[in-house]
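J.: What follows is a single structure, and I will ask about it in a moment.
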Amino acid sequence: MPEIQPEPRVPVNLPVRVWGMTAQGHPFHQQARAHNISSAGALISGVENELQVGEVIGMQCEEKKSRCTVVWVRSTGSTRKIQMGVRVLAHQECPWKTYLPRDGARIGVTPTTRRRYPRHKISFPLGLWEERARTPVRISATDVSGSGCYIETILPLPVKTVLRADLYLPTQPINISAVVRTCDGGVGNGIEFTGLSNDGKQRLQDYLDGIDPPLGVARPKQ
């Protein structure tokens, strides 16, 4: 019988959301990074909680969610962060499917560059309020791009809630409409900046890329 070759892994550095139960039995939710992906699983880095092998956890890459099994866990040492290997459960759609080659073809670009507005895991100040409110609630987004952001709050708003958003840029504050796209109970909201034109989204993305350059890109001199 011919030997079955394992599916090749694709080296990437994708932002993902991970949630579930820790080894101590406490619920957790956090941002992490996916590397060495295949349709069957991935290596996940930047995990801040101790997890148990065999535990089933949630995984989201962009808008796709799936459930995965933890197959191994490894401490990274002094950083107090954890790496883990995960396997996508049977009958679950692979959450990073769009970053995998199709029909054996090679991906022609680095997968992390395929997203038009890459997210930056930085603290970004903004003001948010529902349209009936008179003043905004000042908060810091933990994950932001030209098209939206993620905010952490123990009282998240329902999906489809319409908001106003103040983006506190150093040159000129921007006031736009926004809408809640995702709601994670007791954790936070994913928010889309619906009031920004494509040009406005690109200008915001250029600003974010300038203050938080991607790996391997030098910060421009002032």
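Within each chain, counting starts at residue 1; across the structure tokens, chains are named A, B, ... in the order shown, with ligands numbered 1 upward in that order.
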If you count only C-alpha atoms, which residues fall within 8 Å of Val47 of chain A, apart from same-chain ones fewer than 4 positions away, as a PyMOL selection string?

T.: chain A and resi 30-32+81-84

J.: Pull C-alpha atoms from the residues just selected and write them as a CSV table (one decimal), in the first residue's frame.

T.:
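Written output follows (result.csv):
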chain,number,residue,atom,x,y,z
A,30,GLN,CA,-8.5,35.6,25.1
A,31,GLN,CA,-6.7,36.6,21.9
A,32,ALA,CA,-3.9,34.3,20.7
A,81,LYS,CA,2.8,32.0,28.0
A,82,ILE,CA,1.7,28.6,26.7
A,83,GLN,CA,1.8,27.0,23.3
A,84,MET,CA,-0.7,24.2,22.4

J.: I need the residues in segment 51-195 of chain A that are helix (DSSP H, G or I) according to DSSP; give them as a list in words.

T.: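 After running DSSP on the backbone, segment 51-195 of chain A has helix (DSSP H, G or I) at Lys97, Thr98, Tyr99, Pro111, Thr112 and Thr113 of chain A.
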
J.: Using only C-alpha atoms, which residues sit within 7 Å of Ser140 of chain A once same-chain residues fewer than 3 positions away are excluded, as a ChimeraX atom specification?

T.: /A:123-126,151

J.: Could you take the residues named above and write them with N, CA and C atoms, as a tab-separated table (two decimals), in the first residue's frame?

T.:
chain	number	residue	atom	x	y	z
A	123	SER	N	-3.56	48.76	22.75
A	123	SER	CA	-4.58	49.51	23.48
A	123	SER	C	-4.89	50.78	22.70
A	124	PHE	N	-6.14	50.89	22.23
A	124	PHE	CA	-6.53	52.01	21.37
A	124	PHE	C	-7.72	52.71	22.00
A	125	PRO	N	-7.56	53.98	22.44
A	125	PRO	CA	-8.66	54.67	23.12
A	125	PRO	C	-9.77	55.09	22.16
A	126	LEU	N	-11.00	54.94	22.60
A	126	LEU	CA	-12.14	55.40	21.83
A	126	LEU	C	-13.33	55.62	22.76
A	151	ILE	N	-13.71	45.12	22.02
A	151	ILE	CA	-13.62	45.73	23.34
A	151	ILE	C	-13.95	44.69	24.40

J.: Tell me which of A:Gly58, A:Gly200, A:Gly46, A:Pro170 sits closest to Val73 of chain A, counting only C-alpha atoms.

T.: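 Result for the nearest residue to Val73 of chain A: A:Gly46.
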
J.: What's around Thr22 of chain A at 12 Å? Count only C-alpha atoms, leave out sequence neighbours fewer than 5 positions away in its own chain, and write the answer as an mmCIF file with C-alpha atoms, in the first residue's frame.

T.:
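out_30.cif, freshly written:
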data_model
loop_
_atom_site.group_PDB
_atom_site.id
_atom_site.type_symbol
_atom_site.label_atom_id
_atom_site.label_comp_id
_atom_site.auth_asym_id
_atom_site.auth_seq_id
_atom_site.Cartn_x
_atom_site.Cartn_y
_atom_site.Cartn_z
ATOM 1 C CA PRO A 27 -13.984 29.939 32.070
ATOM 2 C CA PHE A 28 -11.526 31.949 29.974
ATOM 3 C CA HIS A 29 -11.529 33.983 26.778
ATOM 4 C CA GLN A 30 -8.531 35.605 25.118
ATOM 5 C CA VAL A 47 -2.128 31.269 25.584
ATOM 6 C CA GLU A 48 -2.302 32.784 29.072
ATOM 7 C CA ASN A 49 -4.136 29.983 30.886
ATOM 8 C CA GLU A 50 -3.189 26.425 31.767
ATOM 9 C CA LEU A 51 -5.293 24.022 29.704
ATOM 10 C CA GLN A 52 -5.785 20.287 29.987
ATOM 11 C CA VAL A 53 -4.999 17.880 27.168
ATOM 12 C CA GLY A 54 -8.242 16.490 25.778
ATOM 13 C CA GLU A 55 -10.248 19.614 26.667
ATOM 14 C CA VAL A 56 -12.615 20.897 23.954
ATOM 15 C CA ILE A 57 -12.285 24.649 23.363
ATOM 16 C CA VAL A 70 -6.288 20.320 22.867
#

J.: Identify, on the basis of only C-alpha atoms, every residue whose closest approach to segment 174-177 of chain A does not exceed 12 Å; exclude the query and any residue fewer than 4 positions from it along the same chain; express the result as a ChimeraX atom specification.

T.: /A:125-131,136,147-148,161-170,191-197,200-201,203-204

J.: Check chain A with DSSP on the backbone and list each residue it calls strand (DSSP E), as an NGL selection string.

T.: :A and (14-21 or 27-35 or 41-47 or 56-61 or 64-75 or 82-88 or 124-130 or 137-144 or 148-152 or 162-167 or 174-184 or 188-192)

J.: Residues of the last selection are to be written out with C-alpha atoms, as a PDB file, in the first residue's frame.

T.:
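Generated output (selection-v1.pdb):
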ATOM      1  CA  LEU A  14      -3.016  34.660  12.356  1.00  0.00           C
ATOM      2  CA  PRO A  15      -4.951  36.391  15.155  1.00  0.00           C
ATOM      3  CA  VAL A  16      -7.520  34.069  16.713  1.00  0.00           C
ATOM      4  CA  ARG A  17      -9.919  34.133  19.648  1.00  0.00           C
ATOM      5  CA  VAL A  18      -9.859  31.191  22.061  1.00  0.00           C
ATOM      6  CA  TRP A  19     -12.331  30.368  24.825  1.00  0.00           C
ATOM      7  CA  GLY A  20     -13.310  27.484  27.073  1.00  0.00           C
ATOM      8  CA  MET A  21     -12.408  26.122  30.515  1.00  0.00           C
ATOM      9  CA  PRO A  27     -13.984  29.939  32.070  1.00  0.00           C
ATOM     10  CA  PHE A  28     -11.526  31.949  29.974  1.00  0.00           C
ATOM     11  CA  HIS A  29     -11.529  33.983  26.778  1.00  0.00           C
ATOM     12  CA  GLN A  30      -8.531  35.605  25.118  1.00  0.00           C
ATOM     13  CA  GLN A  31      -6.748  36.609  21.942  1.00  0.00           C
ATOM     14  CA  ALA A  32      -3.944  34.331  20.676  1.00  0.00           C
ATOM     15  CA  ARG A  33      -2.050  33.513  17.450  1.00  0.00           C
ATOM     16  CA  ALA A  34      -2.354  30.508  15.111  1.00  0.00           C
ATOM     17  CA  HIS A  35       0.725  29.057  13.362  1.00  0.00           C
ATOM     18  CA  GLY A  41      -5.375  21.599  13.320  1.00  0.00           C
ATOM     19  CA  ALA A  42      -2.779  24.191  14.238  1.00  0.00           C
ATOM     20  CA  LEU A  43      -0.180  25.361  16.710  1.00  0.00           C
ATOM     21  CA  ILE A  44      -1.581  28.114  18.958  1.00  0.00           C
ATOM     22  CA  SER A  45       0.746  30.499  20.826  1.00  0.00           C
ATOM     23  CA  GLY A  46       0.298  33.242  23.412  1.00  0.00           C
ATOM     24  CA  VAL A  47      -2.128  31.269  25.584  1.00  0.00           C
ATOM     25  CA  VAL A  56     -12.615  20.897  23.954  1.00  0.00           C
ATOM     26  CA  ILE A  57     -12.285  24.649  23.363  1.00  0.00           C
ATOM     27  CA  GLY A  58     -13.753  27.251  21.036  1.00  0.00           C
ATOM     28  CA  MET A  59     -11.665  28.834  18.295  1.00  0.00           C
ATOM     29  CA  GLN A  60     -12.486  31.764  16.007  1.00  0.00           C
ATOM     30  CA  CYS A  61     -10.475  33.032  13.031  1.00  0.00           C
ATOM     31  CA  LYS A  64     -15.422  31.519  11.341  1.00  0.00           C
ATOM     32  CA  LYS A  65     -15.898  29.654  14.625  1.00  0.00           C
ATOM     33  CA  SER A  66     -15.140  26.031  15.382  1.00  0.00           C
ATOM     34  CA  ARG A  67     -14.545  23.616  18.249  1.00  0.00           C
ATOM     35  CA  CYS A  68     -11.157  21.992  18.735  1.00  0.00           C
ATOM     36  CA  THR A  69      -9.511  19.454  21.025  1.00  0.00           C
ATOM     37  CA  VAL A  70      -6.288  20.320  22.867  1.00  0.00           C
ATOM     38  CA  VAL A  71      -3.800  17.573  21.894  1.00  0.00           C
ATOM     39  CA  TRP A  72      -0.661  18.884  23.615  1.00  0.00           C
ATOM     40  CA  VAL A  73       0.404  21.779  25.846  1.00  0.00           C
ATOM     41  CA  ARG A  74       3.869  23.281  26.344  1.00  0.00           C
ATOM     42  CA  SER A  75       5.096  26.133  28.542  1.00  0.00           C
ATOM     43  CA  ILE A  82       1.715  28.571  26.726  1.00  0.00           C
ATOM     44  CA  GLN A  83       1.792  26.951  23.302  1.00  0.00           C
ATOM     45  CA  MET A  84      -0.657  24.213  22.419  1.00  0.00           C
ATOM     46  CA  GLY A  85      -1.549  21.954  19.544  1.00  0.00           C
ATOM     47  CA  VAL A  86      -5.217  21.737  18.622  1.00  0.00           C
ATOM     48  CA  ARG A  87      -7.192  19.397  16.378  1.00  0.00           C
ATOM     49  CA  VAL A  88     -10.441  20.503  14.728  1.00  0.00           C
ATOM     50  CA  PHE A 124      -6.527  52.006  21.372  1.00  0.00           C
ATOM     51  CA  PRO A 125      -8.664  54.674  23.124  1.00  0.00           C
ATOM     52  CA  LEU A 126     -12.144  55.399  21.826  1.00  0.00           C
ATOM     53  CA  GLY A 127     -15.553  56.537  23.002  1.00  0.00           C
ATOM     54  CA  LEU A 128     -18.728  54.521  22.452  1.00  0.00           C
ATOM     55  CA  TRP A 129     -22.341  55.270  23.182  1.00  0.00           C
ATOM     56  CA  GLU A 130     -25.754  54.123  22.147  1.00  0.00           C
ATOM     57  CA  VAL A 137     -18.242  55.808  27.522  1.00  0.00           C
ATOM     58  CA  ARG A 138     -14.464  56.011  27.190  1.00  0.00           C
ATOM     59  CA  ILE A 139     -12.851  52.627  26.727  1.00  0.00           C
ATOM     60  CA  SER A 140      -9.765  51.061  25.151  1.00  0.00           C
ATOM     61  CA  ALA A 141     -10.055  48.523  22.368  1.00  0.00           C
ATOM     62  CA  THR A 142      -7.742  45.520  22.710  1.00  0.00           C
ATOM     63  CA  ASP A 143      -7.791  44.525  19.046  1.00  0.00           C
ATOM     64  CA  VAL A 144      -8.309  47.136  16.324  1.00  0.00           C
ATOM     65  CA  GLY A 148     -13.462  47.592  13.477  1.00  0.00           C
ATOM     66  CA  CYS A 149     -12.278  46.592  16.928  1.00  0.00           C
ATOM     67  CA  TYR A 150     -12.832  44.302  19.896  1.00  0.00           C
ATOM     68  CA  ILE A 151     -13.617  45.732  23.343  1.00  0.00           C
ATOM     69  CA  GLU A 152     -13.512  43.844  26.633  1.00  0.00           C
ATOM     70  CA  VAL A 162     -26.196  50.586  16.732  1.00  0.00           C
ATOM     71  CA  LEU A 163     -23.538  52.847  18.272  1.00  0.00           C
ATOM     72  CA  ARG A 164     -21.691  56.104  17.786  1.00  0.00           C
ATOM     73  CA  ALA A 165     -17.912  55.908  18.084  1.00  0.00           C
ATOM     74  CA  ASP A 166     -15.273  58.568  18.735  1.00  0.00           C
ATOM     75  CA  LEU A 167     -11.826  57.540  17.467  1.00  0.00           C
ATOM     76  CA  ILE A 174     -13.368  61.016  14.146  1.00  0.00           C
ATOM     77  CA  ASN A 175     -17.045  60.530  15.025  1.00  0.00           C
ATOM     78  CA  ILE A 176     -18.700  57.687  13.103  1.00  0.00           C
ATOM     79  CA  SER A 177     -21.503  55.141  13.299  1.00  0.00           C
ATOM     80  CA  ALA A 178     -20.737  51.571  14.341  1.00  0.00           C
ATOM     81  CA  VAL A 179     -22.596  48.333  15.031  1.00  0.00           C
ATOM     82  CA  VAL A 180     -22.047  45.360  17.363  1.00  0.00           C
ATOM     83  CA  ARG A 181     -21.260  42.253  15.294  1.00  0.00           C
ATOM     84  CA  THR A 182     -20.311  39.708  17.983  1.00  0.00           C
ATOM     85  CA  CYS A 183     -21.206  39.294  21.645  1.00  0.00           C
ATOM     86  CA  ASP A 184     -19.253  37.087  24.070  1.00  0.00           C
ATOM     87  CA  GLY A 188     -16.732  41.670  25.244  1.00  0.00           C
ATOM     88  CA  ASN A 189     -17.983  42.783  21.840  1.00  0.00           C
ATOM     89  CA  GLY A 190     -16.711  42.784  18.279  1.00  0.00           C
ATOM     90  CA  ILE A 191     -17.593  46.112  16.656  1.00  0.00           C
ATOM     91  CA  GLU A 192     -17.632  47.157  12.991  1.00  0.00           C
TER      92      GLU A 192
END

J.: What is the atom CA of Arg9 of chain A-atom CA of Thr76 of chain A distance in Å, reported with one decimal?

T.: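 Distance reported for this atom pair: 21.2 Å.
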
J.: Just how far from atom CA of Pro158 of chain A is atom CA of Pro173 of chain A, in Å to one decimal?

T.: 26.1 Å

J.: With distances taken over only C-alpha atoms, which residue among A:Leu89, A:Ile211, A:Ile37, A:Cys94 lies nearest Glu63 of chain A?

T.: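 Of the candidates, the smallest distance to Glu63 of chain A is held by A:Cys94.
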
J.: What is the distance between atom CA of Ala40 of chain A and atom CA of Ala23 of chain A, in Å to one decimal?

T.: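 Calculated distance between atom CA of Ala40 of chain A and atom CA of Ala23 of chain A is 23.4 Å.
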
J.: Skip Leu208 of chain A itself and residues of its chain fewer than 2 positions away, then list as a ChimeraX atom specification all residues within 10 Å of it, counting only C-alpha atoms.

T.: /A:117-120,122,124,144-146,202-206,210-214

J.: For the selection you just gave me, I'd like the residues written to a file as a PDB file, in the first residue's frame, keeping N, CA and C atoms.

T.:
ATOM      1  N   TYR A 117      -7.546  44.531   6.163  1.00  0.00           N
ATOM      2  CA  TYR A 117      -7.287  45.398   7.309  1.00  0.00           C
ATOM      3  C   TYR A 117      -6.791  44.542   8.473  1.00  0.00           C
ATOM      4  N   PRO A 118      -5.490  44.247   8.517  1.00  0.00           N
ATOM      5  CA  PRO A 118      -4.950  43.409   9.600  1.00  0.00           C
ATOM      6  C   PRO A 118      -5.185  44.043  10.966  1.00  0.00           C
ATOM      7  N   ARG A 119      -5.467  43.215  11.957  1.00  0.00           N
ATOM      8  CA  ARG A 119      -5.728  43.697  13.297  1.00  0.00           C
ATOM      9  C   ARG A 119      -4.432  43.937  14.066  1.00  0.00           C
ATOM     10  N   HIS A 120      -4.488  44.933  14.942  1.00  0.00           N
ATOM     11  CA  HIS A 120      -3.357  45.250  15.814  1.00  0.00           C
ATOM     12  C   HIS A 120      -3.784  45.009  17.256  1.00  0.00           C
ATOM     13  N   ILE A 122      -3.273  46.149  20.256  1.00  0.00           N
ATOM     14  CA  ILE A 122      -2.761  47.292  21.007  1.00  0.00           C
ATOM     15  C   ILE A 122      -3.914  47.917  21.790  1.00  0.00           C
ATOM     16  N   PHE A 124      -6.140  50.888  22.227  1.00  0.00           N
ATOM     17  CA  PHE A 124      -6.527  52.006  21.372  1.00  0.00           C
ATOM     18  C   PHE A 124      -7.721  52.710  22.004  1.00  0.00           C
ATOM     19  N   VAL A 144      -7.704  46.113  17.172  1.00  0.00           N
ATOM     20  CA  VAL A 144      -8.309  47.136  16.324  1.00  0.00           C
ATOM     21  C   VAL A 144      -7.713  47.097  14.924  1.00  0.00           C
ATOM     22  N   SER A 145      -8.544  47.431  13.931  1.00  0.00           N
ATOM     23  CA  SER A 145      -8.099  47.534  12.545  1.00  0.00           C
ATOM     24  C   SER A 145      -8.868  48.676  11.903  1.00  0.00           C
ATOM     25  N   GLY A 146      -8.649  48.890  10.610  1.00  0.00           N
ATOM     26  CA  GLY A 146      -9.351  49.948   9.911  1.00  0.00           C
ATOM     27  C   GLY A 146     -10.834  49.707   9.773  1.00  0.00           C
ATOM     28  N   GLN A 202      -8.899  52.846   5.173  1.00  0.00           N
ATOM     29  CA  GLN A 202      -7.504  52.694   4.796  1.00  0.00           C
ATOM     30  C   GLN A 202      -6.626  53.708   5.530  1.00  0.00           C
ATOM     31  N   ARG A 203      -7.136  54.950   5.720  1.00  0.00           N
ATOM     32  CA  ARG A 203      -6.360  55.953   6.463  1.00  0.00           C
ATOM     33  C   ARG A 203      -6.167  55.521   7.912  1.00  0.00           C
ATOM     34  N   LEU A 204      -7.217  54.970   8.522  1.00  0.00           N
ATOM     35  CA  LEU A 204      -7.083  54.481   9.885  1.00  0.00           C
ATOM     36  C   LEU A 204      -6.114  53.308   9.937  1.00  0.00           C
ATOM     37  N   GLN A 205      -6.191  52.411   8.950  1.00  0.00           N
ATOM     38  CA  GLN A 205      -5.275  51.274   8.925  1.00  0.00           C
ATOM     39  C   GLN A 205      -3.833  51.736   8.759  1.00  0.00           C
ATOM     40  N   ASP A 206      -3.612  52.733   7.916  1.00  0.00           N
ATOM     41  CA  ASP A 206      -2.256  53.263   7.728  1.00  0.00           C
ATOM     42  C   ASP A 206      -1.720  53.847   9.030  1.00  0.00           C
ATOM     43  N   GLY A 210       1.405  52.411  11.236  1.00  0.00           N
ATOM     44  CA  GLY A 210       2.531  53.295  11.558  1.00  0.00           C
ATOM     45  C   GLY A 210       2.939  53.233  13.017  1.00  0.00           C
ATOM     46  N   ILE A 211       1.951  53.119  13.920  1.00  0.00           N
ATOM     47  CA  ILE A 211       2.292  53.086  15.350  1.00  0.00           C
ATOM     48  C   ILE A 211       2.588  51.666  15.838  1.00  0.00           C
ATOM     49  N   ASP A 212       2.191  50.665  15.065  1.00  0.00           N
ATOM     50  CA  ASP A 212       2.438  49.269  15.441  1.00  0.00           C
ATOM     51  C   ASP A 212       2.794  48.483  14.188  1.00  0.00           C
ATOM     52  N   PRO A 213       4.027  48.683  13.660  1.00  0.00           N
ATOM     53  CA  PRO A 213       4.403  48.042  12.392  1.00  0.00           C
ATOM     54  C   PRO A 213       4.367  46.525  12.502  1.00  0.00           C
ATOM     55  N   PRO A 214       4.017  45.832  11.398  1.00  0.00           N
ATOM     56  CA  PRO A 214       4.079  44.369  11.385  1.00  0.00           C
ATOM     57  C   PRO A 214       5.500  43.892  11.619  1.00  0.00           C
TER      58      PRO A 214
END
